[in-house]
Each structure stands twice: as structure tokens, then as C-alpha cells.
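See below for the structure under consideration.
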Amino acid sequence: MTKAEIEIIKNVENDIRELFSGEFSGHDVLHTLRVVKNARMLNADNAGDDFIVTLSALLHDADDRKLFPETAENNGNARKILEKYCVSKENTDRIIDIINSVSFSSGKIPCSIEGKIVQDADRLDAIGAVGIARCFSFGGNHSRPVYEEGDFSGEGSGDSSIAHFYNKLLKLEGLMNTAKGREEAEKRTAFLKNYLEHFKEETDITSLLDLYI
Ligand code: ADP
Ligand code: NI
């Protein structure tokens, strides 16, 4: 990256810290910074344009519908920040395109290598040790139970945080775009599976009557 590009990145990081101040829902600024770290790790061989990867990762949740419903439609926050630092129209278009295709809920696979990297980087943060923390934090915020009795036999309602492991988290490794992303996702998923085994063992109650004997 050029000196001028690094300067832009630093300024954007400051703006993002301000934008997310007071946000603890699992989409806080530390999530964004981890996604930047993951994205740069996945782009260590510079297959993608480093400047675009870093800026897109920094801005990927700046107009998330859940946090910023007023700007979500037009990418208002991201556009405002990019304009402020005179990022070219061409680069702005590339970044906005990436932001709009990375979210799991969008169901899209980004076309560009930079987009594929940022999507993988975002998904990595939903699994592994930090993914577990975010999952329970989200569940707590949305008044969801940690687990239900039927979760491990497939008889739960599917609404608990543990159910979310099966509904989404364990599927992410199969959805990775890049080889490096898949490799890291496999490690983190092995950890999730190990965690679930322990969780199942610690919570297993076949019959309460057995406990009273
Ligand atoms: P994205 O940024 O791709 O739209 P989400 O906003 O759906 O992702 O998820 C943000 C975080 O909250 C992730 O770590 C995800 O696993 C977690 N999460 C999302 N939905 C649930 C749920 N129903 N139960 C528990 N955790 C959830
Ligand atoms: Ni994200």
C-alpha cells in the first residue's frame, strides 16, 4: 500500500471506532477489527488488492441493517466516510459492491477475489472461540435460551444458541470461498465440535428420576 493509502486506512479506522462506540451486540468495533485482521491474513499472498480488502473489511458492517436501519439501503455511512477521504469513484464502487455481498443473510457469493476474502474473514469470526462468545452474546441480547432439552436429539424448537451451532455455525466451513479460509475454518469448526461434545456431556439428563434414586 502507498503512504497515502495507509493514511486513509488509519482515518477510516478512527471513524469506524466512533461509529460503533456504545455497540456491544456482537457487531461491535472489535468484530470489525478482527475481520480486518482475518482478511489481511487471507490476503497475505496479495491475491487481492490490499487497499480494497482492508477498506471493505473496515466498512463491511458500517451500514448493517440491524444497527443502522436508516443508512442500510444506500450504504450511507460507508459512502460518507469514503467521500470524506476522497477515495476514487472506481474504488468506492468496488468497496460498496463488496459490502453489499458479504453478509450471510444476503445469500450472495461476491464476484471479486477481494469480496470473497472479506466474506470468508467475516465468517471466520462467527466460528472458533470468538464465534462461541458471539453466539451466546447474540442469544442473550435476543432473550434466547442457551440450550433446550431437545437440541441434541433434533427435537428442540431450533431457537436456542446451541441450536444456532447446527443451524449455521457448523455449515460455514463448507461455504468458504478461499483455500486459506477453508483451512482456518476447519480448525475453528473442530473446536466447535469439541465444545459441543463437552456441552452435551455436561448437560445430558436422560431421566431426572435417575438422579433422585
Ligand atoms: P451477518 O453479519 O453475516 O449478517 P449475523 O448478524 O447473522 O451475521 O450474526 C452476527 C453474530 O450473531 C454471529 O456471530 C452469529 O453467529 C450470531 N447469531 C446470529 N443469529 C443468531 C442466533 N439466532 N442465535 C445465536 N447467535 C446468532
Ligand atoms: Ni460482520
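We label chains A, B, ... in the order they appear in the C-alpha cells, count residues from 1 in each chain, and number ligands from 1 in the order shown.
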Per DSSP on the backbone, what are the alpha helix (DSSP H) residues of segment 5-213 of chain A, as an MDAnalysis selection string?
-> chainID A and resid 5:19 29:42 50:59 76:84 89:102 113:124 128:141 161:167 179:203 208:212
Close residues to ligand 1 using only C-alpha atoms and all ligand atoms, limit 7 Å, as a VMD selection string | chain A and resid 26 to 27 103 to 105 122 to 123 125 to 126 131 134 to 136 138 to 139 159 to 161 164 169
Nearby residues (only C-alpha atoms) at most 10 Å from Leu33 of chain A, same-chain spacing under 5 positions excluded, as a PDB file with all heavy atoms, in the first residue's frame:
```pdb
ATOM      1  N   GLU A  13     -10.338   3.828  10.099  1.00  0.00           N
ATOM      2  CA  GLU A  13     -10.410   3.051  11.350  1.00  0.00           C
ATOM      3  C   GLU A  13     -10.919   3.946  12.494  1.00  0.00           C
ATOM      4  O   GLU A  13     -11.784   3.539  13.269  1.00  0.00           O
ATOM      5  CB  GLU A  13      -9.042   2.464  11.704  1.00  0.00           C
ATOM      6  CG  GLU A  13      -9.143   1.561  12.936  1.00  0.00           C
ATOM      7  CD  GLU A  13      -7.804   1.217  13.568  1.00  0.00           C
ATOM      8  OE1 GLU A  13      -6.855   0.912  12.835  1.00  0.00           O
ATOM      9  OE2 GLU A  13      -7.727   1.280  14.810  1.00  0.00           O
ATOM     10  N   ILE A  16     -14.612   4.486  12.126  1.00  0.00           N
ATOM     11  CA  ILE A  16     -15.361   3.264  12.443  1.00  0.00           C
ATOM     12  C   ILE A  16     -15.443   3.078  13.960  1.00  0.00           C
ATOM     13  O   ILE A  16     -16.481   2.707  14.506  1.00  0.00           O
ATOM     14  CB  ILE A  16     -14.686   2.037  11.765  1.00  0.00           C
ATOM     15  CG1 ILE A  16     -14.969   2.053  10.261  1.00  0.00           C
ATOM     16  CG2 ILE A  16     -15.121   0.723  12.379  1.00  0.00           C
ATOM     17  CD1 ILE A  16     -16.433   1.841   9.907  1.00  0.00           C
ATOM     18  N   ARG A  17     -14.345   3.377  14.653  1.00  0.00           N
ATOM     19  CA  ARG A  17     -14.356   3.279  16.127  1.00  0.00           C
ATOM     20  C   ARG A  17     -15.432   4.189  16.707  1.00  0.00           C
ATOM     21  O   ARG A  17     -16.136   3.832  17.635  1.00  0.00           O
ATOM     22  CB  ARG A  17     -12.991   3.667  16.699  1.00  0.00           C
ATOM     23  CG  ARG A  17     -11.936   2.578  16.559  1.00  0.00           C
ATOM     24  CD  ARG A  17     -10.603   3.019  17.180  1.00  0.00           C
ATOM     25  NE  ARG A  17      -9.551   2.052  16.946  1.00  0.00           N
ATOM     26  CZ  ARG A  17      -9.326   0.975  17.716  1.00  0.00           C
ATOM     27  NH1 ARG A  17     -10.082   0.761  18.762  1.00  0.00           N
ATOM     28  NH2 ARG A  17      -8.353   0.141  17.426  1.00  0.00           N
ATOM     29  N   ASP A  28     -19.779  -5.200  17.320  1.00  0.00           N
ATOM     30  CA  ASP A  28     -19.048  -4.043  17.823  1.00  0.00           C
ATOM     31  C   ASP A  28     -17.783  -3.803  17.006  1.00  0.00           C
ATOM     32  O   ASP A  28     -17.462  -4.577  16.099  1.00  0.00           O
ATOM     33  CB  ASP A  28     -18.687  -4.281  19.293  1.00  0.00           C
ATOM     34  CG  ASP A  28     -18.028  -5.619  19.468  1.00  0.00           C
ATOM     35  OD1 ASP A  28     -18.746  -6.650  19.403  1.00  0.00           O
ATOM     36  OD2 ASP A  28     -16.811  -5.673  19.598  1.00  0.00           O
ATOM     37  N   ASN A  38      -8.391 -10.929   9.966  1.00  0.00           N
ATOM     38  CA  ASN A  38      -8.603 -12.175   9.214  1.00  0.00           C
ATOM     39  C   ASN A  38      -8.420 -11.943   7.715  1.00  0.00           C
ATOM     40  O   ASN A  38      -7.780 -12.731   7.020  1.00  0.00           O
ATOM     41  CB  ASN A  38     -10.022 -12.720   9.439  1.00  0.00           C
ATOM     42  CG  ASN A  38     -10.259 -13.187  10.860  1.00  0.00           C
ATOM     43  OD1 ASN A  38      -9.316 -13.397  11.616  1.00  0.00           O
ATOM     44  ND2 ASN A  38     -11.520 -13.339  11.238  1.00  0.00           N
ATOM     45  N   ALA A  39      -9.002 -10.853   7.225  1.00  0.00           N
ATOM     46  CA  ALA A  39      -8.955 -10.579   5.784  1.00  0.00           C
ATOM     47  C   ALA A  39      -7.518 -10.377   5.320  1.00  0.00           C
ATOM     48  O   ALA A  39      -7.110 -10.877   4.271  1.00  0.00           O
ATOM     49  CB  ALA A  39      -9.805  -9.352   5.456  1.00  0.00           C
ATOM     50  N   THR A  54      -8.729  -4.241   2.806  1.00  0.00           N
ATOM     51  CA  THR A  54      -8.706  -3.633   4.139  1.00  0.00           C
ATOM     52  C   THR A  54      -9.860  -2.647   4.332  1.00  0.00           C
ATOM     53  O   THR A  54     -10.556  -2.687   5.348  1.00  0.00           O
ATOM     54  CB  THR A  54      -7.348  -2.926   4.384  1.00  0.00           C
ATOM     55  OG1 THR A  54      -6.306  -3.844   4.052  1.00  0.00           O
ATOM     56  CG2 THR A  54      -7.188  -2.494   5.817  1.00  0.00           C
ATOM     57  N   ALA A  57     -13.203  -4.522   4.529  1.00  0.00           N
ATOM     58  CA  ALA A  57     -13.359  -5.198   5.824  1.00  0.00           C
ATOM     59  C   ALA A  57     -13.715  -4.169   6.902  1.00  0.00           C
ATOM     60  O   ALA A  57     -14.617  -4.381   7.710  1.00  0.00           O
ATOM     61  CB  ALA A  57     -12.083  -5.954   6.185  1.00  0.00           C
ATOM     62  N   LEU A  58     -13.021  -3.034   6.883  1.00  0.00           N
ATOM     63  CA  LEU A  58     -13.288  -1.982   7.884  1.00  0.00           C
ATOM     64  C   LEU A  58     -14.723  -1.465   7.805  1.00  0.00           C
ATOM     65  O   LEU A  58     -15.323  -1.135   8.816  1.00  0.00           O
ATOM     66  CB  LEU A  58     -12.334  -0.802   7.663  1.00  0.00           C
ATOM     67  CG  LEU A  58     -11.015  -0.807   8.424  1.00  0.00           C
ATOM     68  CD1 LEU A  58     -10.126   0.334   7.929  1.00  0.00           C
ATOM     69  CD2 LEU A  58     -11.231  -0.685   9.925  1.00  0.00           C
TER      70      LEU A  58
END
```
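Of the residues listed (A:Ser56, A:Ala190, A:Ala47, A:Leu19), A:Ser56 shows the shortest atom-to-atom separation from ligand 2; distances use only C-alpha atoms and all ligand atoms.
Of the residues under consideration (A:Leu175, A:Glu155, A:Leu124, A:Asp97), A:Leu124 shows the shortest atom-to-atom contact distance to ligand 2 when counting only C-alpha atoms and all ligand atoms.
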Point out the residue among A:Leu172, A:Val35, A:Ala62, A:Leu42 with the least atom-to-atom distance to Glu18 of chain A, counting only C-alpha atoms.
-> A:Ala62
Who sits within 8 Å of segment 71-82 of chain A, only C-alpha atoms, same chain under 6 positions skipped, as a VMD selection string = chain A and resid 12 15 59 62 to 65 92 96
For the residues selected in the previous step, produce a file with all heavy atoms as a PDB file, in the first residue's frame.
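Writing done, so here's part-v8.pdb:
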```pdb
ATOM      1  N   VAL A  12     -10.027   5.981   8.401  1.00  0.00           N
ATOM      2  CA  VAL A  12     -11.282   5.225   8.344  1.00  0.00           C
ATOM      3  C   VAL A  12     -11.434   4.405   9.629  1.00  0.00           C
ATOM      4  O   VAL A  12     -12.526   4.321  10.204  1.00  0.00           O
ATOM      5  CB  VAL A  12     -11.339   4.327   7.083  1.00  0.00           C
ATOM      6  CG1 VAL A  12     -12.546   3.402   7.131  1.00  0.00           C
ATOM      7  CG2 VAL A  12     -11.389   5.183   5.817  1.00  0.00           C
ATOM      8  N   ASP A  15     -12.811   6.587  12.281  1.00  0.00           N
ATOM      9  CA  ASP A  15     -14.236   6.878  12.065  1.00  0.00           C
ATOM     10  C   ASP A  15     -15.104   5.680  12.446  1.00  0.00           C
ATOM     11  O   ASP A  15     -16.198   5.840  12.992  1.00  0.00           O
ATOM     12  CB  ASP A  15     -14.490   7.266  10.594  1.00  0.00           C
ATOM     13  CG  ASP A  15     -13.979   8.672  10.302  1.00  0.00           C
ATOM     14  OD1 ASP A  15     -13.179   9.196  11.101  1.00  0.00           O
ATOM     15  OD2 ASP A  15     -14.378   9.249   9.265  1.00  0.00           O
ATOM     16  N   LEU A  59     -15.257  -1.414   6.581  1.00  0.00           N
ATOM     17  CA  LEU A  59     -16.587  -0.804   6.384  1.00  0.00           C
ATOM     18  C   LEU A  59     -17.714  -1.826   6.250  1.00  0.00           C
ATOM     19  O   LEU A  59     -18.874  -1.453   6.062  1.00  0.00           O
ATOM     20  CB  LEU A  59     -16.552   0.080   5.134  1.00  0.00           C
ATOM     21  CG  LEU A  59     -15.662   1.334   5.236  1.00  0.00           C
ATOM     22  CD1 LEU A  59     -15.429   1.949   3.852  1.00  0.00           C
ATOM     23  CD2 LEU A  59     -16.299   2.367   6.163  1.00  0.00           C
ATOM     24  N   ALA A  62     -20.695  -1.193   8.445  1.00  0.00           N
ATOM     25  CA  ALA A  62     -20.973   0.229   8.732  1.00  0.00           C
ATOM     26  C   ALA A  62     -22.419   0.614   8.407  1.00  0.00           C
ATOM     27  O   ALA A  62     -22.925   1.619   8.916  1.00  0.00           O
ATOM     28  CB  ALA A  62     -20.012   1.126   7.953  1.00  0.00           C
ATOM     29  N   ASP A  63     -23.083  -0.207   7.560  1.00  0.00           N
ATOM     30  CA  ASP A  63     -24.489   0.061   7.238  1.00  0.00           C
ATOM     31  C   ASP A  63     -25.328  -1.187   7.445  1.00  0.00           C
ATOM     32  O   ASP A  63     -26.309  -1.417   6.732  1.00  0.00           O
ATOM     33  CB  ASP A  63     -24.609   0.572   5.790  1.00  0.00           C
ATOM     34  CG  ASP A  63     -23.939   1.927   5.622  1.00  0.00           C
ATOM     35  OD1 ASP A  63     -24.452   2.908   6.172  1.00  0.00           O
ATOM     36  OD2 ASP A  63     -22.874   1.985   4.964  1.00  0.00           O
ATOM     37  N   ASP A  64     -24.923  -1.992   8.436  1.00  0.00           N
ATOM     38  CA  ASP A  64     -25.672  -3.214   8.736  1.00  0.00           C
ATOM     39  C   ASP A  64     -27.114  -2.844   9.118  1.00  0.00           C
ATOM     40  O   ASP A  64     -27.334  -1.948   9.933  1.00  0.00           O
ATOM     41  CB  ASP A  64     -24.998  -3.949   9.899  1.00  0.00           C
ATOM     42  CG  ASP A  64     -25.643  -5.288  10.179  1.00  0.00           C
ATOM     43  OD1 ASP A  64     -26.691  -5.324  10.871  1.00  0.00           O
ATOM     44  OD2 ASP A  64     -25.115  -6.302   9.696  1.00  0.00           O
ATOM     45  N   ARG A  65     -28.051  -3.547   8.495  1.00  0.00           N
ATOM     46  CA  ARG A  65     -29.481  -3.225   8.679  1.00  0.00           C
ATOM     47  C   ARG A  65     -29.900  -3.249  10.150  1.00  0.00           C
ATOM     48  O   ARG A  65     -30.734  -2.461  10.588  1.00  0.00           O
ATOM     49  CB  ARG A  65     -30.316  -4.221   7.865  1.00  0.00           C
ATOM     50  CG  ARG A  65     -31.755  -3.819   7.640  1.00  0.00           C
ATOM     51  CD  ARG A  65     -32.404  -4.690   6.588  1.00  0.00           C
ATOM     52  NE  ARG A  65     -31.779  -4.518   5.274  1.00  0.00           N
ATOM     53  CZ  ARG A  65     -32.019  -3.494   4.459  1.00  0.00           C
ATOM     54  NH1 ARG A  65     -32.876  -2.562   4.821  1.00  0.00           N
ATOM     55  NH2 ARG A  65     -31.421  -3.417   3.283  1.00  0.00           N
ATOM     56  N   THR A  92     -14.593   3.290  -4.722  1.00  0.00           N
ATOM     57  CA  THR A  92     -15.822   3.341  -3.913  1.00  0.00           C
ATOM     58  C   THR A  92     -16.821   2.305  -4.434  1.00  0.00           C
ATOM     59  O   THR A  92     -17.387   1.531  -3.656  1.00  0.00           O
ATOM     60  CB  THR A  92     -16.446   4.755  -3.945  1.00  0.00           C
ATOM     61  OG1 THR A  92     -15.505   5.669  -3.374  1.00  0.00           O
ATOM     62  CG2 THR A  92     -17.746   4.814  -3.175  1.00  0.00           C
ATOM     63  N   ILE A  96     -18.287  -0.746  -2.184  1.00  0.00           N
ATOM     64  CA  ILE A  96     -19.725  -0.826  -1.887  1.00  0.00           C
ATOM     65  C   ILE A  96     -20.283  -2.160  -2.396  1.00  0.00           C
ATOM     66  O   ILE A  96     -21.085  -2.822  -1.730  1.00  0.00           O
ATOM     67  CB  ILE A  96     -20.500   0.364  -2.533  1.00  0.00           C
ATOM     68  CG1 ILE A  96     -20.021   1.700  -1.936  1.00  0.00           C
ATOM     69  CG2 ILE A  96     -22.013   0.188  -2.397  1.00  0.00           C
ATOM     70  CD1 ILE A  96     -20.375   1.937  -0.485  1.00  0.00           C
TER      71      ILE A  96
END
```
Pick from A:Glu183, A:Asp204, A:Asp61, A:Glu114 nearest to ligand 2, counting only C-alpha atoms and all ligand atoms | A:Asp61
Distance in Å - atom CA of Thr189 of chain A versus atom CA of Val36 of chain A = 20.3 Å
What separates atom CA of Gly174 of chain A and atom CA of Lys193 of chain A is a distance of 14.5 Å
Selection near segment 106-113 of chain A, 9 Å with only C-alpha atoms, sequence-local residues under 4 positions removed, as a list of chain:residue names = A:Ala47, A:Gly48, A:Asp49, A:Val53, A:Arg94, A:Asp97, A:Ile98, A:Asn100, A:Ser101, A:Val102, A:Ile117, A:Val118, A:Gln119, A:Asn177, A:Thr178
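Comparing the minimum interatomic distances between ligand 2 and each of A:Ala4, A:Asp120, A:Ile9, A:Ala44, counting only C-alpha atoms and all ligand atoms, we find that A:Asp120 sits nearest.
Taking atom CA of Gly150 of chain A and atom CA of Tyr166 of chain A as endpoints, the distance between them is 12.7 Å.
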